[in-house]
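Shown next: target_8.cif, containing mmCIF, C-alpha atoms and all ligand atoms.
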```
data_coords
loop_
_atom_site.group_PDB
_atom_site.id
_atom_site.type_symbol
_atom_site.label_atom_id
_atom_site.label_comp_id
_atom_site.auth_asym_id
_atom_site.auth_seq_id
_atom_site.Cartn_x
_atom_site.Cartn_y
_atom_site.Cartn_z
ATOM 1 C CA MET I 87 70.114 71.555 15.028
ATOM 2 C CA THR I 88 66.381 70.839 14.898
ATOM 3 C CA ILE I 89 65.334 67.911 12.743
ATOM 4 C CA ASN I 90 62.744 69.324 10.381
ATOM 5 C CA ILE I 91 60.072 66.714 9.623
ATOM 6 C CA ILE I 92 57.774 67.520 6.698
ATOM 7 C CA ASP I 93 55.165 64.803 7.116
ATOM 8 C CA VAL I 94 54.480 61.245 8.115
ATOM 9 C CA ALA I 95 55.299 59.116 5.059
ATOM 10 C CA TYR I 96 54.657 55.401 5.608
ATOM 11 C CA THR I 97 54.075 52.593 8.064
ATOM 12 C CA ARG I 98 55.558 49.118 7.794
ATOM 13 C CA LEU I 99 53.863 46.315 9.679
ATOM 14 C CA LYS I 100 54.664 42.672 10.254
ATOM 15 C CA THR I 101 52.217 39.793 10.357
ATOM 16 C CA PRO I 102 52.356 36.013 10.539
ATOM 17 C CA ASP I 103 49.629 35.770 7.870
ATOM 18 C CA PHE I 104 49.919 37.483 4.462
ATOM 19 C CA ALA I 105 46.550 36.222 3.227
ATOM 20 C CA VAL I 106 44.660 37.836 6.097
ATOM 21 C CA ALA I 107 46.639 41.090 5.826
ATOM 22 C CA ALA I 108 46.152 41.348 2.050
ATOM 23 C CA ASP I 109 42.428 40.660 2.312
ATOM 24 C CA PHE I 110 41.953 43.233 5.064
ATOM 25 C CA ALA I 111 44.044 45.976 3.454
ATOM 26 C CA THR I 112 42.225 45.683 0.113
ATOM 27 C CA ARG I 113 38.686 44.369 0.574
ATOM 28 C CA ILE I 114 38.060 46.061 3.941
ATOM 29 C CA LEU I 115 40.393 49.064 4.180
ATOM 30 C CA GLY I 116 40.170 49.700 0.447
ATOM 31 C CA LEU I 117 43.838 50.302 -0.413
ATOM 32 C CA GLU I 118 45.502 49.429 -3.718
ATOM 33 C CA LEU I 119 47.743 46.366 -3.548
ATOM 34 C CA PHE I 120 50.651 47.739 -5.498
ATOM 35 C CA ASP I 121 53.269 45.042 -5.135
ATOM 36 C CA ARG I 122 52.947 41.468 -3.952
ATOM 37 C CA ALA I 123 56.352 39.846 -3.476
ATOM 38 C CA SER I 124 57.039 36.569 -1.676
ATOM 39 C CA ASP I 125 58.290 38.459 1.371
ATOM 40 C CA ARG I 126 56.292 41.707 1.218
ATOM 41 C CA LEU I 127 52.949 43.314 0.463
ATOM 42 C CA THR I 128 52.983 46.979 -0.532
ATOM 43 C CA PHE I 129 49.889 49.191 -0.579
ATOM 44 C CA ARG I 130 49.049 52.643 -1.911
ATOM 45 C CA SER I 131 46.498 55.033 -0.412
ATOM 46 C CA ASP I 132 47.232 58.327 -2.173
ATOM 47 C CA TYR I 133 49.689 59.938 -4.598
ATOM 48 C CA ARG I 134 52.677 58.183 -2.997
ATOM 49 C CA MET I 135 54.002 54.824 -4.233
ATOM 50 C CA SER I 136 53.830 53.157 -0.827
ATOM 51 C CA THR I 137 52.229 54.232 2.440
ATOM 52 C CA LEU I 138 51.664 50.823 4.077
ATOM 53 C CA SER I 139 53.402 47.494 3.809
ATOM 54 C CA TYR I 140 53.375 44.103 5.482
ATOM 55 C CA GLU I 141 56.252 41.693 5.911
ATOM 56 C CA ILE I 142 56.179 38.266 7.574
ATOM 57 C CA GLY I 143 57.162 38.640 11.203
ATOM 58 C CA ASP I 144 56.275 39.736 14.693
ATOM 59 C CA PRO I 145 53.402 42.279 14.696
ATOM 60 C CA PHE I 146 54.938 44.078 17.680
ATOM 61 C CA GLU I 147 57.798 45.257 15.443
ATOM 62 C CA THR I 148 56.247 48.234 13.681
ATOM 63 C CA ILE I 149 58.020 50.943 11.685
ATOM 64 C CA VAL I 150 56.836 54.491 11.041
ATOM 65 C CA GLY I 151 58.585 56.606 8.417
ATOM 66 C CA PHE I 152 58.718 60.410 8.173
ATOM 67 C CA GLU I 153 59.787 62.586 5.291
ATOM 68 C CA LEU I 154 62.693 65.028 5.609
ATOM 69 C CA GLU I 155 63.403 67.701 3.038
ATOM 70 C CA ASN I 156 66.612 66.457 1.428
ATOM 71 C CA GLY I 157 69.805 64.439 1.817
ATOM 72 C CA GLU I 158 71.578 67.203 3.689
ATOM 73 C CA HIS I 159 68.786 67.311 6.266
ATOM 74 C CA LEU I 160 68.985 63.523 6.533
ATOM 75 C CA GLN I 161 72.725 63.609 7.171
ATOM 76 C CA ASN I 162 72.283 66.365 9.756
ATOM 77 C CA ALA I 163 69.564 64.314 11.467
ATOM 78 C CA ALA I 164 71.854 61.256 11.558
ATOM 79 C CA ASN I 165 74.673 63.354 13.047
ATOM 80 C CA THR I 166 72.371 64.902 15.670
ATOM 81 C CA LEU I 167 70.972 61.524 16.719
ATOM 82 C CA GLN I 168 74.384 59.844 16.837
ATOM 83 C CA ALA I 169 75.826 62.683 18.927
ATOM 84 C CA LEU I 170 73.042 62.039 21.440
ATOM 85 C CA GLY I 171 73.814 58.321 21.587
ATOM 86 C CA TYR I 172 71.091 57.001 19.274
ATOM 87 C CA GLU I 173 72.073 53.949 17.266
ATOM 88 C CA VAL I 174 71.496 55.053 13.678
ATOM 89 C CA ARG I 175 71.772 52.917 10.545
ATOM 90 C CA SER I 176 71.402 53.918 6.902
ATOM 91 C CA GLY I 177 69.038 51.936 4.711
ATOM 92 C CA THR I 178 70.510 49.525 2.175
ATOM 93 C CA HIS I 179 69.809 49.804 -1.538
ATOM 94 C CA GLU I 180 67.242 47.005 -1.310
ATOM 95 C CA GLU I 181 65.512 48.603 1.683
ATOM 96 C CA ARG I 182 65.320 51.951 -0.113
ATOM 97 C CA GLU I 183 63.706 50.260 -3.102
ATOM 98 C CA GLN I 184 61.168 48.517 -0.874
ATOM 99 C CA ARG I 185 60.188 51.870 0.637
ATOM 100 C CA HIS I 186 60.256 53.760 -2.669
ATOM 101 C CA VAL I 187 62.474 56.458 -1.172
ATOM 102 C CA SER I 188 65.859 57.729 -2.319
ATOM 103 C CA ASP I 189 67.501 57.403 1.109
ATOM 104 C CA PHE I 190 66.603 56.802 4.753
ATOM 105 C CA ILE I 191 67.994 56.240 8.224
ATOM 106 C CA THR I 192 66.549 53.998 10.926
ATOM 107 C CA PHE I 193 66.741 54.237 14.731
ATOM 108 C CA ARG I 194 64.575 53.730 17.818
ATOM 109 C CA ASP I 195 62.583 56.455 19.573
ATOM 110 C CA PRO I 196 63.075 56.891 23.353
ATOM 111 C CA SER I 197 60.321 54.303 23.979
ATOM 112 C CA GLY I 198 62.047 51.771 21.725
ATOM 113 C CA GLY I 199 59.740 52.077 18.698
ATOM 114 C CA ARG I 200 61.368 51.814 15.272
ATOM 115 C CA VAL I 201 61.357 55.140 13.407
ATOM 116 C CA GLU I 202 62.747 56.036 9.988
ATOM 117 C CA PHE I 203 63.558 59.379 8.419
ATOM 118 C CA ALA I 204 63.402 59.284 4.629
ATOM 119 C CA VAL I 205 63.887 61.622 1.690
ATOM 120 C CA SER I 206 62.033 61.775 -1.614
ATOM 121 C CA PRO I 207 59.186 59.299 -1.210
ATOM 122 C CA GLN I 208 58.308 58.522 -4.814
ATOM 123 C CA ILE I 209 55.058 59.798 -6.221
ATOM 124 C CA GLY I 210 52.961 57.860 -8.706
ATOM 125 C CA GLY I 211 51.938 59.418 -11.994
ATOM 126 C CA LYS I 212 48.439 58.333 -11.121
ATOM 127 C CA SER I 213 46.917 58.408 -7.641
ATOM 128 C CA ALA I 214 46.090 55.138 -5.844
ATOM 129 C CA GLN I 215 43.349 53.049 -7.452
ATOM 130 C CA LEU I 216 41.349 52.156 -4.365
ATOM 131 C CA THR I 217 39.957 48.617 -4.219
ATOM 132 C CA ARG I 218 36.549 49.819 -3.013
ATOM 133 C CA ASP I 219 34.643 53.097 -2.637
ATOM 134 C CA ALA I 220 36.229 53.981 0.710
ATOM 135 C CA GLY I 221 36.728 57.627 -0.278
ATOM 136 C CA ILE I 222 40.284 57.585 1.056
ATOM 137 C CA THR I 223 42.253 60.724 0.213
ATOM 138 C CA GLY I 224 45.424 59.583 1.910
ATOM 139 C CA PHE I 225 47.472 58.295 4.797
ATOM 140 C CA SER I 226 47.474 61.136 7.319
ATOM 141 C CA HIS I 227 48.626 60.349 10.865
ATOM 142 C CA VAL I 228 49.683 57.759 13.402
ATOM 143 C CA GLY I 229 49.131 57.096 17.070
ATOM 144 C CA LEU I 230 52.356 55.954 18.707
ATOM 145 C CA PHE I 231 52.502 54.012 21.953
ATOM 146 C CA SER I 232 54.832 55.604 24.462
ATOM 147 C CA ARG I 233 56.300 53.920 27.494
ATOM 148 C CA ASP I 234 58.385 57.087 28.032
ATOM 149 C CA PRO I 235 55.947 59.990 27.435
ATOM 150 C CA VAL I 236 58.366 62.646 28.727
ATOM 151 C CA GLY I 237 61.278 61.334 26.674
ATOM 152 C CA ASP I 238 59.178 60.826 23.554
ATOM 153 C CA GLU I 239 57.577 64.270 23.696
ATOM 154 C CA HIS I 240 61.003 65.796 24.209
ATOM 155 C CA PHE I 241 62.266 63.864 21.190
ATOM 156 C CA TRP I 242 59.475 64.987 18.857
ATOM 157 C CA THR I 243 59.201 68.597 20.074
ATOM 158 C CA GLN I 244 62.788 69.466 21.027
ATOM 159 C CA LEU I 245 64.985 67.371 18.725
ATOM 160 C CA CYS I 246 62.384 67.531 15.972
ATOM 161 C CA ASN I 247 59.984 70.291 14.931
ATOM 162 C CA ALA I 248 56.693 68.916 16.313
ATOM 163 C CA ARG I 249 54.393 71.360 18.089
ATOM 164 C CA VAL I 250 51.738 70.223 20.583
ATOM 165 C CA SER I 251 48.290 71.257 19.289
ATOM 166 C CA ASP I 252 46.239 69.809 22.130
ATOM 167 C CA ARG I 253 46.621 67.520 25.094
ATOM 168 C CA VAL I 254 43.965 65.113 26.374
ATOM 169 C CA GLY I 255 45.194 64.359 29.880
ATOM 170 C CA GLY I 256 48.755 63.165 29.295
ATOM 171 C CA LEU I 257 48.189 62.387 25.625
ATOM 172 C CA PRO I 258 49.710 65.037 23.319
ATOM 173 C CA LEU I 259 48.478 65.552 19.739
ATOM 174 C CA MET I 260 51.391 66.968 17.748
ATOM 175 C CA ARG I 261 51.676 68.612 14.355
ATOM 176 C CA PHE I 262 54.445 69.205 11.833
ATOM 177 C CA SER I 263 52.409 71.497 9.616
ATOM 178 C CA GLN I 264 49.145 73.391 9.912
ATOM 179 C CA LEU I 265 47.284 70.071 10.032
ATOM 180 C CA HIS I 266 46.118 69.672 13.661
ATOM 181 C CA HIS I 267 48.101 66.492 14.286
ATOM 182 C CA SER I 268 50.354 63.964 12.608
ATOM 183 C CA ILE I 269 51.292 62.076 15.777
ATOM 184 C CA ALA I 270 49.259 61.220 18.861
ATOM 185 C CA LEU I 271 51.426 59.904 21.707
ATOM 186 C CA VAL I 272 49.537 57.297 23.703
ATOM 187 C CA PRO I 273 51.066 56.429 27.093
ATOM 188 C CA ALA I 274 51.245 52.628 27.365
ATOM 189 C CA ASN I 275 53.387 49.802 28.566
ATOM 190 C CA ARG I 276 54.782 49.201 25.087
ATOM 191 C CA CYS I 277 56.162 50.995 22.025
ATOM 192 C CA GLY I 278 55.314 51.072 18.325
ATOM 193 C CA ILE I 279 52.300 52.110 16.291
ATOM 194 C CA GLN I 280 48.964 52.408 18.145
ATOM 195 C CA HIS I 281 46.784 53.380 15.179
ATOM 196 C CA ILE I 282 47.011 54.282 11.506
ATOM 197 C CA ASN I 283 44.754 57.017 10.122
ATOM 198 C CA HIS I 284 43.489 57.478 6.586
ATOM 199 C CA GLN I 285 41.561 60.599 5.727
ATOM 200 C CA VAL I 286 38.380 60.222 3.681
ATOM 201 C CA GLN I 287 36.441 62.733 1.623
ATOM 202 C CA SER I 288 33.227 63.077 3.586
ATOM 203 C CA ILE I 289 31.212 61.981 6.592
ATOM 204 C CA ASP I 290 29.280 59.754 4.158
ATOM 205 C CA ASP I 291 32.502 57.818 3.578
ATOM 206 C CA VAL I 292 33.010 57.364 7.329
ATOM 207 C CA LEU I 293 29.457 56.063 7.783
ATOM 208 C CA ARG I 294 29.455 53.949 4.606
ATOM 209 C CA SER I 295 32.600 52.247 5.873
ATOM 210 C CA TYR I 296 31.068 51.863 9.318
ATOM 211 C CA SER I 297 28.234 49.826 7.771
ATOM 212 C CA LEU I 298 30.660 47.745 5.736
ATOM 213 C CA LEU I 299 32.875 47.086 8.760
ATOM 214 C CA ARG I 300 29.882 45.925 10.768
ATOM 215 C CA GLN I 301 28.668 43.674 7.959
ATOM 216 C CA HIS I 302 32.115 42.058 7.823
ATOM 217 C CA LYS I 303 32.156 41.714 11.626
ATOM 218 C CA ILE I 304 35.282 43.859 11.948
ATOM 219 C CA PRO I 305 35.606 44.986 15.586
ATOM 220 C CA ILE I 306 34.694 48.674 15.880
ATOM 221 C CA VAL I 307 36.798 50.054 18.741
ATOM 222 C CA PHE I 308 35.660 53.706 18.730
ATOM 223 C CA GLY I 309 32.930 55.662 17.027
ATOM 224 C CA PRO I 310 31.424 56.787 14.844
ATOM 225 C CA GLY I 311 32.232 59.977 16.705
ATOM 226 C CA ARG I 312 33.748 63.425 16.613
ATOM 227 C CA HIS I 313 36.963 64.573 18.293
ATOM 228 C CA PRO I 314 36.500 67.935 20.065
ATOM 229 C CA THR I 315 40.253 68.509 19.668
ATOM 230 C CA SER I 316 40.758 68.287 15.898
ATOM 231 C CA GLY I 317 37.059 68.471 14.959
ATOM 232 C CA ALA I 318 37.412 65.277 12.894
ATOM 233 C CA ARG I 319 34.519 62.844 12.472
ATOM 234 C CA PHE I 320 35.904 59.312 12.816
ATOM 235 C CA VAL I 321 35.549 55.568 13.162
ATOM 236 C CA TYR I 322 38.299 53.326 14.591
ATOM 237 C CA PHE I 323 38.402 49.594 13.935
ATOM 238 C CA GLU I 324 40.688 46.654 14.446
ATOM 239 C CA GLY I 325 42.686 45.064 11.644
ATOM 240 C CA PRO I 326 44.928 41.992 11.608
ATOM 241 C CA ASP I 327 47.119 41.332 14.645
ATOM 242 C CA GLY I 328 45.198 43.865 16.752
ATOM 243 C CA MET I 329 46.389 46.941 14.807
ATOM 244 C CA VAL I 330 43.862 49.776 14.979
ATOM 245 C CA PHE I 331 42.939 51.704 11.819
ATOM 246 C CA GLU I 332 40.950 54.918 11.591
ATOM 247 C CA TYR I 333 39.020 56.725 8.894
ATOM 248 C CA SER I 334 38.397 60.387 9.577
ATOM 249 C CA VAL I 335 37.322 63.552 7.856
ATOM 250 C CA GLY I 336 37.565 67.242 8.714
ATOM 251 C CA VAL I 337 40.769 67.494 10.747
ATOM 252 C CA GLN I 338 41.120 71.238 11.334
ATOM 253 C CA GLU I 339 44.110 73.271 10.251
ATOM 254 C CA VAL I 340 45.613 75.641 12.801
ATOM 255 C CA ASP I 341 46.940 79.153 12.357
ATOM 256 C CA GLU I 342 50.579 79.005 13.477
ATOM 257 C CA GLU I 343 50.528 82.697 14.392
ATOM 258 C CA THR I 344 47.562 82.644 16.723
ATOM 259 C CA TYR I 345 47.020 79.028 17.785
ATOM 260 C CA ARG I 346 47.695 78.130 21.415
ATOM 261 C CA GLU I 347 48.012 74.636 22.839
ATOM 262 C CA ARG I 348 44.930 73.531 24.786
ATOM 263 C CA GLN I 349 44.668 71.097 27.702
ATOM 264 C CA PHE I 350 41.594 68.851 27.693
ATOM 265 C CA ALA I 351 40.559 66.821 30.744
ATOM 266 C CA PHE I 352 41.133 63.076 30.408
ATOM 267 C CA GLU I 353 37.502 62.044 30.158
ATOM 268 C CA PRO I 354 35.443 60.350 27.428
ATOM 269 C CA LYS I 355 33.887 63.634 26.212
ATOM 270 C CA SER I 356 37.377 64.963 25.433
ATOM 271 C CA LEU I 357 37.825 62.109 22.979
ATOM 272 C CA CYS I 358 34.309 62.168 21.480
ATOM 273 C CA MET I 359 31.806 65.007 21.727
ATOM 274 C CA TRP I 360 29.011 62.712 20.477
ATOM 275 C CA GLY I 361 29.413 60.380 23.460
ATOM 276 C CA ALA I 362 31.084 57.358 21.844
ATOM 277 C CA LEU I 363 33.326 55.425 24.244
ATOM 278 C CA PRO I 364 36.670 54.003 23.138
ATOM 279 C CA ALA I 365 37.170 50.252 23.483
ATOM 280 C CA MET I 366 40.948 50.622 23.473
ATOM 281 C CA LYS I 367 42.430 50.040 26.879
ATOM 282 C CA GLU I 368 44.956 52.889 26.784
ATOM 283 C CA LEU I 369 42.185 55.387 25.924
ATOM 284 C CA SER I 370 39.577 54.255 28.432
ATOM 285 C CA SER I 371 39.412 56.441 31.534
HETATM 286 FE FE FE L 1 43.625 59.357 14.970
#
```
The structure in this file should be written as structure tokens.
Ligand SMILES: [Fe+2]
Amino acid sequence: MTINIIDVAYTRLKTPDFAVAADFATRILGLELFDRASDRLTFRSDYRMSTLSYEIGDPFETIVGFELENGEHLQNAANTLQALGYEVRSGTHEEREQRHVSDFITFRDPSGGRVEFAVSPQIGGKSAQLTRDAGITGFSHVGLFSRDPVGDEHFWTQLCNARVSDRVGGLPLMRFSQLHHSIALVPANRCGIQHINHQVQSIDDVLRSYSLLRQHKIPIVFGPGRHPTSGARFVYFEGPDGMVFEYSVGVQEVDEETYRERQFAFEPKSLCMWGALPAMKELSS
């Protein structure tokens, strides 16, 4: 039975330094610090109660959470994964509260990255109160490192409902809805989250943030530029512990009836039609 993912829901990162993470996520990225506990920082970016969090720990241990429709779908997903030999664990009461979801399961993708499937991510009565004028409309997609590109693509497209929208060389951009992509699989010698995308309202927001990032000496690792695949205008930059964040605007929506997967050559122009070159080793050709 196919596991029907609705959307990407949250990322959970680890860091050795809360002060640096909190400062970056609010003053630079612009998110709302929603909850500051002794062992956890929780941030809001949109209508959801939590789309990013930091705990103290090893930055290599990232978690990405996806929303499933309901508890029955969650149970079916757990059964499917267990039947295939995946080690699946249900979240505890405390873990569910931390994530602001009613239930979730956790397991590792074929590359070894920690993935969670969750139901009912709570929604705030009021949308996130951004710390600065970043223009963020919400958490939108992730890049995931893949040390097993064949196995990972099979997982997302055969076990789950992802469809490949475009491929840049061996890098598939996959969608769960009409939105061009929710996951980009980046072949690498590691697993976990490669980048975290927030959508912004306009190209002005992308460029306003670009100026701010430069003034704060935040490493810009790609852009400003425009992806020929999704059409999005973007800037990528490096946050604490080497995690890459992206602001983008204008990701196209595809028509499920007529859209056909496209194969782009693995060359810089396939990643940016304006000529920007990525300073991320897995994306440099
Ligand atoms: Fe992206």
Worksheet item: How would you write, as a ChimeraX atom specification, the set of residues no farther than 10 Å from ligand FE 1 (chain L) when counting only C-alpha atoms and all ligand atoms?
Response: /I:226-229,259,267-270,280-285,313,316,318,320-322,330-334,337
Practice prompt. Take the PyMOL selection byres (((chain I and resi 142-153) around 8) and not hetatm), apply it to the structure above, and return the hits as a ChimeraX atom specification.
Written response: /I:91-104,125-126,140-141,154-155,199-207,278-279,327
Worksheet entry | Atomic separation - CA of Phe231 in chain I relative to CA of Arg276 in chain I, Å |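 According to the coordinates, CA of Arg276 in chain I and CA of Phe231 in chain I are separated by 6.2 Å.
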Discussion item. So that I can see what lies close to Gln215 in chain I, please list as a ChimeraX atom specification the residues with an atom at most 9 Å from it, counting all atoms listed in the file and leaving out residues fewer than 4 positions away in the same chain.
Written reply: /I:117-119,130-132
Could you write out that same residue set with C-alpha atoms as a compact mmCIF listing (two decimals), in the coordinates of the input?
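Saved the output as again27.txt:
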```
# COMPACT_ATOMS: atom_id res chain seq x y z
CA LEU I 117 43.84 50.30 -0.41
CA GLU I 118 45.50 49.43 -3.72
CA LEU I 119 47.74 46.37 -3.55
CA ARG I 130 49.05 52.64 -1.91
CA SER I 131 46.50 55.03 -0.41
CA ASP I 132 47.23 58.33 -2.17
```
Item to complete: Figure out the distance between CA of Asp234 in chain I and CA of Val340 in chain I, please, to one decimal in Å.
Response: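 CA of Asp234 in chain I lies 27.2 Å from CA of Val340 in chain I.
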Fill in: Within 8 Å of Pro273 in chain I using all atoms listed in the file, minus same-chain residues under 2 positions, as a list of chain:residue names
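Skipping anything fewer than 2 positions along the chain leaves I:Phe231, I:Ser232, I:Arg233, I:Asp234, I:Pro235, I:Gly256, I:Leu257, I:Leu271, I:Asn275, I:Glu368.
The shell of residues at most 12 Å from Tyr172 in chain I, with all atoms listed in the file counted and near chain neighbours (fewer than 2 positions) removed, consists of Ala163, Ala164, Asn165, Thr166, Leu167, Gln168, Ala169, Leu170, Val174, Arg175, Ile191, Thr192, Phe193, Arg194, Asp195, Pro196, Gly198, Arg200, Val201 and Phe241 of chain I.
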Please save C-alpha atoms of the selected residues as a compact mmCIF listing (two decimals), keeping the file's coordinate frame.
```txt
# COMPACT_ATOMS: atom_id res chain seq x y z
CA ALA I 163 69.56 64.31 11.47
CA ALA I 164 71.85 61.26 11.56
CA ASN I 165 74.67 63.35 13.05
CA THR I 166 72.37 64.90 15.67
CA LEU I 167 70.97 61.52 16.72
CA GLN I 168 74.38 59.84 16.84
CA ALA I 169 75.83 62.68 18.93
CA LEU I 170 73.04 62.04 21.44
CA VAL I 174 71.50 55.05 13.68
CA ARG I 175 71.77 52.92 10.54
CA ILE I 191 67.99 56.24 8.22
CA THR I 192 66.55 54.00 10.93
CA PHE I 193 66.74 54.24 14.73
CA ARG I 194 64.58 53.73 17.82
CA ASP I 195 62.58 56.46 19.57
CA PRO I 196 63.08 56.89 23.35
CA GLY I 198 62.05 51.77 21.72
CA ARG I 200 61.37 51.81 15.27
CA VAL I 201 61.36 55.14 13.41
CA PHE I 241 62.27 63.86 21.19
```
Worksheet entry | Atom-to-atom span, CA of Thr128 in chain I and CA of Thr178 in chain I, Å | 17.9 Å
Worksheet item: For this file, the PyMOL selection byres (((chain I and resi 357) around 10) and not hetatm) selects which residues, as a PyMOL selection string?
Response: chain I and resi 254+308+311-316+350-356+358-364+369-370
Next, dump the selected residues to file, keeping only C-alpha atoms, as a short mmCIF file (atom, residue, chain, number, x, y, z; two decimals), in the frame of the given file.
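In the end it all went to again.cif:
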```
data_model
loop_
_atom_site.label_atom_id
_atom_site.label_comp_id
_atom_site.auth_asym_id
_atom_site.auth_seq_id
_atom_site.Cartn_x
_atom_site.Cartn_y
_atom_site.Cartn_z
CA VAL I 254 43.96 65.11 26.37
CA PHE I 308 35.66 53.71 18.73
CA GLY I 311 32.23 59.98 16.70
CA ARG I 312 33.75 63.42 16.61
CA HIS I 313 36.96 64.57 18.29
CA PRO I 314 36.50 67.94 20.07
CA THR I 315 40.25 68.51 19.67
CA SER I 316 40.76 68.29 15.90
CA PHE I 350 41.59 68.85 27.69
CA ALA I 351 40.56 66.82 30.74
CA PHE I 352 41.13 63.08 30.41
CA GLU I 353 37.50 62.04 30.16
CA PRO I 354 35.44 60.35 27.43
CA LYS I 355 33.89 63.63 26.21
CA SER I 356 37.38 64.96 25.43
CA CYS I 358 34.31 62.17 21.48
CA MET I 359 31.81 65.01 21.73
CA TRP I 360 29.01 62.71 20.48
CA GLY I 361 29.41 60.38 23.46
CA ALA I 362 31.08 57.36 21.84
CA LEU I 363 33.33 55.42 24.24
CA PRO I 364 36.67 54.00 23.14
CA LEU I 369 42.18 55.39 25.92
CA SER I 370 39.58 54.26 28.43
#
```
Near Thr217 in chain I, counting only C-alpha atoms, which residues have an atom at most 12 Å away, once you skip same-chain residues fewer than 4 positions from it, shown as an mmCIF file with C-alpha atoms, in the frame of the given file?
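Result written to selection.cif:
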```cif
data_model
loop_
_atom_site.group_PDB
_atom_site.id
_atom_site.type_symbol
_atom_site.label_atom_id
_atom_site.label_comp_id
_atom_site.auth_asym_id
_atom_site.auth_seq_id
_atom_site.Cartn_x
_atom_site.Cartn_y
_atom_site.Cartn_z
ATOM 1 C CA ALA I 108 46.152 41.348 2.050
ATOM 2 C CA ASP I 109 42.428 40.660 2.312
ATOM 3 C CA PHE I 110 41.953 43.233 5.064
ATOM 4 C CA ALA I 111 44.044 45.976 3.454
ATOM 5 C CA THR I 112 42.225 45.683 0.113
ATOM 6 C CA ARG I 113 38.686 44.369 0.574
ATOM 7 C CA ILE I 114 38.060 46.061 3.941
ATOM 8 C CA LEU I 115 40.393 49.064 4.180
ATOM 9 C CA GLY I 116 40.170 49.700 0.447
ATOM 10 C CA LEU I 117 43.838 50.302 -0.413
ATOM 11 C CA GLU I 118 45.502 49.429 -3.718
ATOM 12 C CA LEU I 119 47.743 46.366 -3.548
ATOM 13 C CA PHE I 120 50.651 47.739 -5.498
ATOM 14 C CA PHE I 129 49.889 49.191 -0.579
ATOM 15 C CA ARG I 130 49.049 52.643 -1.911
ATOM 16 C CA SER I 131 46.498 55.033 -0.412
ATOM 17 C CA GLY I 221 36.728 57.627 -0.278
ATOM 18 C CA ILE I 222 40.284 57.585 1.056
#
```
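The point (43.5, 71.8, 25.6) has these residues within 7 Å of it, counting only C-alpha atoms: Asp252, Arg253, Val254, Glu347, Arg348, Gln349 and Phe350 of chain I.
Here the question is which of I:His302, I:Val272, I:His240, I:Thr223 gets nearest to Gln287 in chain I using all atoms listed in the file, and that residue is I:Thr223.
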Worksheet item: Looking at only C-alpha atoms, which of I:Asp219, I:Glu158, I:Ala274, I:Gly171 is the one that sits closest to Asp189 in chain I?
Response: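 Of I:Asp219, I:Glu158, I:Ala274, I:Gly171, the one nearest Asp189 in chain I, counting only C-alpha atoms, is I:Glu158.
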